[in-house]
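Working notes, structure below.
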Amino acid sequence: VELAFTSKRGDARALAARAGDFGCVLAVGGDGTVNEILNGLPDAPPPLAQLPIGTANVIAKTFDLPRSARAAADAVHAGLTTPVDVGVANGRRFLLMASAGFDAQVVHDFHAVRKGPIRMHQYVSWSLRAIWSYETPTLRVVADGQELPPASWVMASNLPCYGGPLAFTREARVDDGQLDVLAYAPQGRLGLVRLFAEAFAGDPCAMPGATWVRAKSVRIEGPPAPWQVDGDPGETLPLDISLLPRAIRLVVRETHDAPTP
């Protein structure tokens, strides 16, 4: 067993690059830590486990991962794993989602001023304020070679849960070899409010102006708008998204057939 600590962004990725000879990697942190490790792991990675101590902990909630160090160690020792698809956005791997539009702008703006760990109430209040100043872009979306209607917000999801109580793509599966793509047509600020309301207690994929498809590849083009992966900022469009089917095995405490939000 080797214990390693991180002190700055990039440390977890560098440590993960040395994990090829280990039987398992246990990430102690949130979804951002898992994403950084995911991007550092070799092409034939060992199983990945998580002890969730982050803000949203979407992966842990989806798979009902253990929340104590003892339980996480027991899960690693038991060796139960489930295969998980891995998305790739402009070369960056992700487990949750990649997106361009409103949430990506919020992620970019928030990370530019954040200090220390993120608290959920900070992110929510920042998002609510951003709705009223957000300038809606028009994005071109092509999924598996098929052009979708023009959109202002596009997300390609691997998991059903987005974060907290929000679920934009409730039918998404982590092991079906496809991304659930939700493209939302420009409908102004009130449209964004309705979309969040549906994500809280409804079905955003069934809303007027929403296009939902499953695809193995997605390209998003438009003005130089930002994109994000797993809650961390990327760069600016264009964005090419693809999928690596069942590319990693996640340590769980029981067999997991179909995660639901």
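Each chain in the structure tokens gets a letter, A, B and so on, in the order shown; residues start at 1 in every chain, and ligands are counted from 1 in the order they appear.
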With only C-alpha atoms counted and 9 Å as the cut-off, give the residues of segment 55-159 of chain A in contact with segment 218-237 of chain A, each with its shortest interatomic distance in Å and the pair that gives it, as a tab-separated table.
residue	atom	partner	partner_atom	distance
A:Ala89	CA	A:Val229	CA	7.4
A:Asn90	CA	A:Gly234	CA	8.9
A:Arg92	CA	A:Val229	CA	8.0
A:Arg93	CA	A:Val229	CA	8.1
A:Phe94	CA	A:Asp230	CA	6.2
A:Leu95	CA	A:Asp230	CA	7.0
A:Leu96	CA	A:Asp230	CA	5.4
A:Met97	CA	A:Asp230	CA	5.5
A:Ala98	CA	A:Val229	CA	4.4
A:Ser99	CA	A:Gln228	CA	5.6
A:Ala100	CA	A:Trp227	CA	4.4
A:Gly101	CA	A:Trp227	CA	7.1
A:Asp103	CA	A:Gln228	CA	7.9
A:Ala104	CA	A:Trp227	CA	4.9
A:Gln105	CA	A:Pro226	CA	6.0
A:Val107	CA	A:Pro233	CA	5.9
A:His108	CA	A:Pro233	CA	5.3
A:Asp109	CA	A:Pro233	CA	9.0
A:His111	CA	A:Pro233	CA	7.5
A:Pro137	CA	A:Pro223	CA	7.1
A:Thr138	CA	A:Gly222	CA	6.5
A:Leu139	CA	A:Gly222	CA	4.8
A:Arg140	CA	A:Glu221	CA	5.0
A:Val141	CA	A:Ile220	CA	4.7
A:Val142	CA	A:Arg219	CA	5.2
A:Ala143	CA	A:Val218	CA	4.4
A:Asp144	CA	A:Val218	CA	6.3
A:Gly145	CA	A:Val218	CA	8.1
A:Val154	CA	A:Ile220	CA	7.9
A:Ala156	CA	A:Val218	CA	7.8
ask   = Quick one: DSSP alpha helix (DSSP H) residues in segment 7-253 of chain A, as number ranges by chain?
value = A: 11-16, 31-40, 58-63, 69-78, 102-113, 120-131, 188-201
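The shell of residues at most 12 Å from Thr6 of chain A, with only C-alpha atoms counted and near chain neighbours (fewer than 4 positions) removed, consists of Gly10, Asp11, Ala12, Arg13, Ala14, Leu15, Ala16, Ala27, Val28, Gly29, Thr33, Glu36 and Ile37 of chain A.
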Write the residues you've just listed into a file as a tab-separated table (two decimals), in the first residue's frame, and include C-alpha atoms for each of them.
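Result file selection11.tsv:
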chain	number	residue	atom	x	y	z
A	10	GLY	CA	-2.28	18.32	-11.27
A	11	ASP	CA	-0.79	16.32	-8.40
A	12	ALA	CA	-3.43	13.58	-8.53
A	13	ARG	CA	-2.99	13.20	-12.27
A	14	ALA	CA	0.77	12.84	-11.93
A	15	LEU	CA	0.41	10.28	-9.15
A	16	ALA	CA	-2.15	8.27	-11.15
A	27	ALA	CA	-9.32	8.37	-4.67
A	28	VAL	CA	-9.99	10.28	-1.44
A	29	GLY	CA	-11.85	13.36	-2.63
A	33	THR	CA	-10.28	14.41	-7.77
A	36	GLU	CA	-7.98	14.19	-12.36
A	37	ILE	CA	-6.96	10.63	-11.49
What separates atom CA of Val76 of chain A and atom CA of Leu26 of chain A is a distance of 8.2 Å
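The smallest atom-to-atom distance between Ala56 of chain A and any of A:Trp212, A:Tyr162, A:Phe22, A:Tyr184, using only C-alpha atoms, is found for A:Tyr162.
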Practice problem: Excluding Phe200 of chain A and residues on its chain fewer than 2 positions from it, collect all residues at most 9 Å away from it, counting only C-alpha atoms, and give them as a VMD selection string. | Solution: chain A and resid 165 to 168 195 to 198 202 to 203
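Backbone DSSP of segment 40-147 of chain A yields strand (DSSP E) at Leu48, Ala49, Gln50, Leu51, Pro52, Thr81, Thr82, Pro83, Val84, Asp85, Val86, Gly87, Val88, Ala89, Arg92, Arg93, Phe94, Met97, Ala98, Ser99, Ala100, Arg140, Val141, Val142, Ala143, Gln146 and Glu147 of chain A.
From atom CA of Ala60 of chain A back to atom CA of Arg9 of chain A, the distance works out to 21.2 Å.
Proximity to Asp85 of chain A was assessed for A:Asn158, A:Ser7, A:Asn35, A:Gln187 counting only C-alpha atoms; the smallest distance is recorded for A:Asn158.
Residue nearest Val193 of chain A, chosen from A:Ala130, A:Thr62, A:Thr81, A:Ala44 and counting only C-alpha atoms: A:Ala130.
Neighbouring residues of Gly188 of chain A at 10 Å or closer, counting only C-alpha atoms and skipping chain neighbours under 3 positions away, are A:Ile131, A:Trp132, A:Tyr134, A:Glu135, A:Thr136, A:Ser152, A:Ala185, A:Gly191, A:Leu192, A:Val193.
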For the selection you just gave me, I'd like the residues written to a file as a tab-separated table (two decimals), in the first residue's frame, keeping C-alpha atoms.
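Writing done, so here's out38.tsv:
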chain	number	residue	atom	x	y	z
A	131	ILE	CA	-29.18	33.34	-15.12
A	132	TRP	CA	-30.08	37.03	-15.30
A	134	TYR	CA	-26.26	35.16	-19.22
A	135	GLU	CA	-26.08	35.84	-22.96
A	136	THR	CA	-27.51	32.82	-24.77
A	152	SER	CA	-28.10	27.09	-26.52
A	185	ALA	CA	-33.05	25.20	-27.86
A	191	GLY	CA	-36.51	28.89	-20.25
A	192	LEU	CA	-33.42	28.22	-18.14
A	193	VAL	CA	-35.50	28.49	-14.98
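Between Leu244 of chain A and the residues A:Val34, A:Leu48, A:Val88, A:Leu41, the shortest atom-to-atom distance, using only C-alpha atoms, involves A:Val88.
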Please list as a VMD selection string every residue within 9 Å of Val58 of chain A, counting only C-alpha atoms and excluding residues in the same chain fewer than 4 positions away. chain A and resid 30 to 31 62 to 63 96 159 161 to 164
Could the residues in this selection be saved with N, CA and C atoms as a PDB file, in the first residue's frame?
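Dumped to again-v9.pdb:
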ATOM      1  N   GLY A  30     -13.476  14.383  -4.081  1.00  0.00           N
ATOM      2  CA  GLY A  30     -14.742  14.485  -4.778  1.00  0.00           C
ATOM      3  C   GLY A  30     -14.635  14.096  -6.238  1.00  0.00           C
ATOM      4  N   ASP A  31     -15.640  14.514  -7.006  1.00  0.00           N
ATOM      5  CA  ASP A  31     -15.679  14.170  -8.424  1.00  0.00           C
ATOM      6  C   ASP A  31     -14.503  14.773  -9.184  1.00  0.00           C
ATOM      7  N   THR A  62     -24.430   7.962  -7.146  1.00  0.00           N
ATOM      8  CA  THR A  62     -24.964   7.099  -8.194  1.00  0.00           C
ATOM      9  C   THR A  62     -24.756   5.628  -7.863  1.00  0.00           C
ATOM     10  N   PHE A  63     -23.582   5.304  -7.361  1.00  0.00           N
ATOM     11  CA  PHE A  63     -23.242   3.908  -7.093  1.00  0.00           C
ATOM     12  C   PHE A  63     -23.364   3.524  -5.618  1.00  0.00           C
ATOM     13  N   LEU A  96     -18.749  11.840 -15.685  1.00  0.00           N
ATOM     14  CA  LEU A  96     -20.077  12.401 -15.466  1.00  0.00           C
ATOM     15  C   LEU A  96     -20.667  12.957 -16.750  1.00  0.00           C
ATOM     16  N   LEU A 159     -23.834   9.654 -16.768  1.00  0.00           N
ATOM     17  CA  LEU A 159     -24.568   9.251 -15.573  1.00  0.00           C
ATOM     18  C   LEU A 159     -25.937   9.911 -15.559  1.00  0.00           C
ATOM     19  N   CYS A 161     -27.500  11.230 -12.884  1.00  0.00           N
ATOM     20  CA  CYS A 161     -27.523  12.367 -11.966  1.00  0.00           C
ATOM     21  C   CYS A 161     -26.533  13.432 -12.417  1.00  0.00           C
ATOM     22  N   TYR A 162     -26.938  14.695 -12.324  1.00  0.00           N
ATOM     23  CA  TYR A 162     -26.065  15.809 -12.704  1.00  0.00           C
ATOM     24  C   TYR A 162     -25.293  16.330 -11.501  1.00  0.00           C
ATOM     25  N   GLY A 163     -25.994  16.505 -10.399  1.00  0.00           N
ATOM     26  CA  GLY A 163     -25.370  17.029  -9.186  1.00  0.00           C
ATOM     27  C   GLY A 163     -26.447  17.454  -8.214  1.00  0.00           C
ATOM     28  N   GLY A 164     -26.260  17.166  -6.922  1.00  0.00           N
ATOM     29  CA  GLY A 164     -27.287  17.490  -5.946  1.00  0.00           C
ATOM     30  C   GLY A 164     -28.589  16.804  -6.314  1.00  0.00           C
TER      31      GLY A 164
END
**Study point:** Close residues, Thr169 of chain A itself excluded, 7 Å, only C-alpha atoms, min 2 positions apart in chain, as a PyMOL selection string
**Key:** chain A and resi 157+160+167+171-172+180+205
The selected residues should be written to file as a PDB file, in the first residue's frame (atoms: N, CA and C atoms).
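File result30.pdb, as written:
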ATOM      1  N   SER A 157     -24.112  13.240 -21.384  1.00  0.00           N
ATOM      2  CA  SER A 157     -24.049  12.672 -20.037  1.00  0.00           C
ATOM      3  C   SER A 157     -23.747  11.183 -20.068  1.00  0.00           C
ATOM      4  N   PRO A 160     -26.910   9.318 -14.874  1.00  0.00           N
ATOM      5  CA  PRO A 160     -28.243   9.936 -14.818  1.00  0.00           C
ATOM      6  C   PRO A 160     -28.298  11.184 -13.949  1.00  0.00           C
ATOM      7  N   ALA A 167     -31.242  16.141 -12.128  1.00  0.00           N
ATOM      8  CA  ALA A 167     -31.012  15.048 -13.076  1.00  0.00           C
ATOM      9  C   ALA A 167     -31.567  15.486 -14.431  1.00  0.00           C
ATOM     10  N   GLU A 171     -32.373   8.708 -17.939  1.00  0.00           N
ATOM     11  CA  GLU A 171     -32.279   7.378 -18.538  1.00  0.00           C
ATOM     12  C   GLU A 171     -30.848   6.973 -18.866  1.00  0.00           C
ATOM     13  N   ALA A 172     -29.883   7.823 -18.571  1.00  0.00           N
ATOM     14  CA  ALA A 172     -28.488   7.520 -18.926  1.00  0.00           C
ATOM     15  C   ALA A 172     -27.990   6.291 -18.170  1.00  0.00           C
ATOM     16  N   ASP A 180     -25.848  10.020 -23.395  1.00  0.00           N
ATOM     17  CA  ASP A 180     -27.164  10.636 -23.510  1.00  0.00           C
ATOM     18  C   ASP A 180     -26.958  12.120 -23.776  1.00  0.00           C
ATOM     19  N   CYS A 205     -35.700  16.027 -20.653  1.00  0.00           N
ATOM     20  CA  CYS A 205     -35.624  15.490 -22.012  1.00  0.00           C
ATOM     21  C   CYS A 205     -36.964  15.558 -22.737  1.00  0.00           C
TER      22      CYS A 205
END
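In this comparison, which uses only C-alpha atoms, the residue of A:Met207, A:Ala71, A:Ile53, A:Leu80 approaching Leu250 of chain A most closely is A:Leu80.
Using only C-alpha atoms for every distance, the candidate list A:Glu254, A:Arg170, A:Pro47, A:Val84 yields A:Arg170 as the residue closest to Ala199 of chain A.
Interatomic distance, atom CA of Arg249 of chain A to atom CA of Ala49 of chain A: 8.8 Å.
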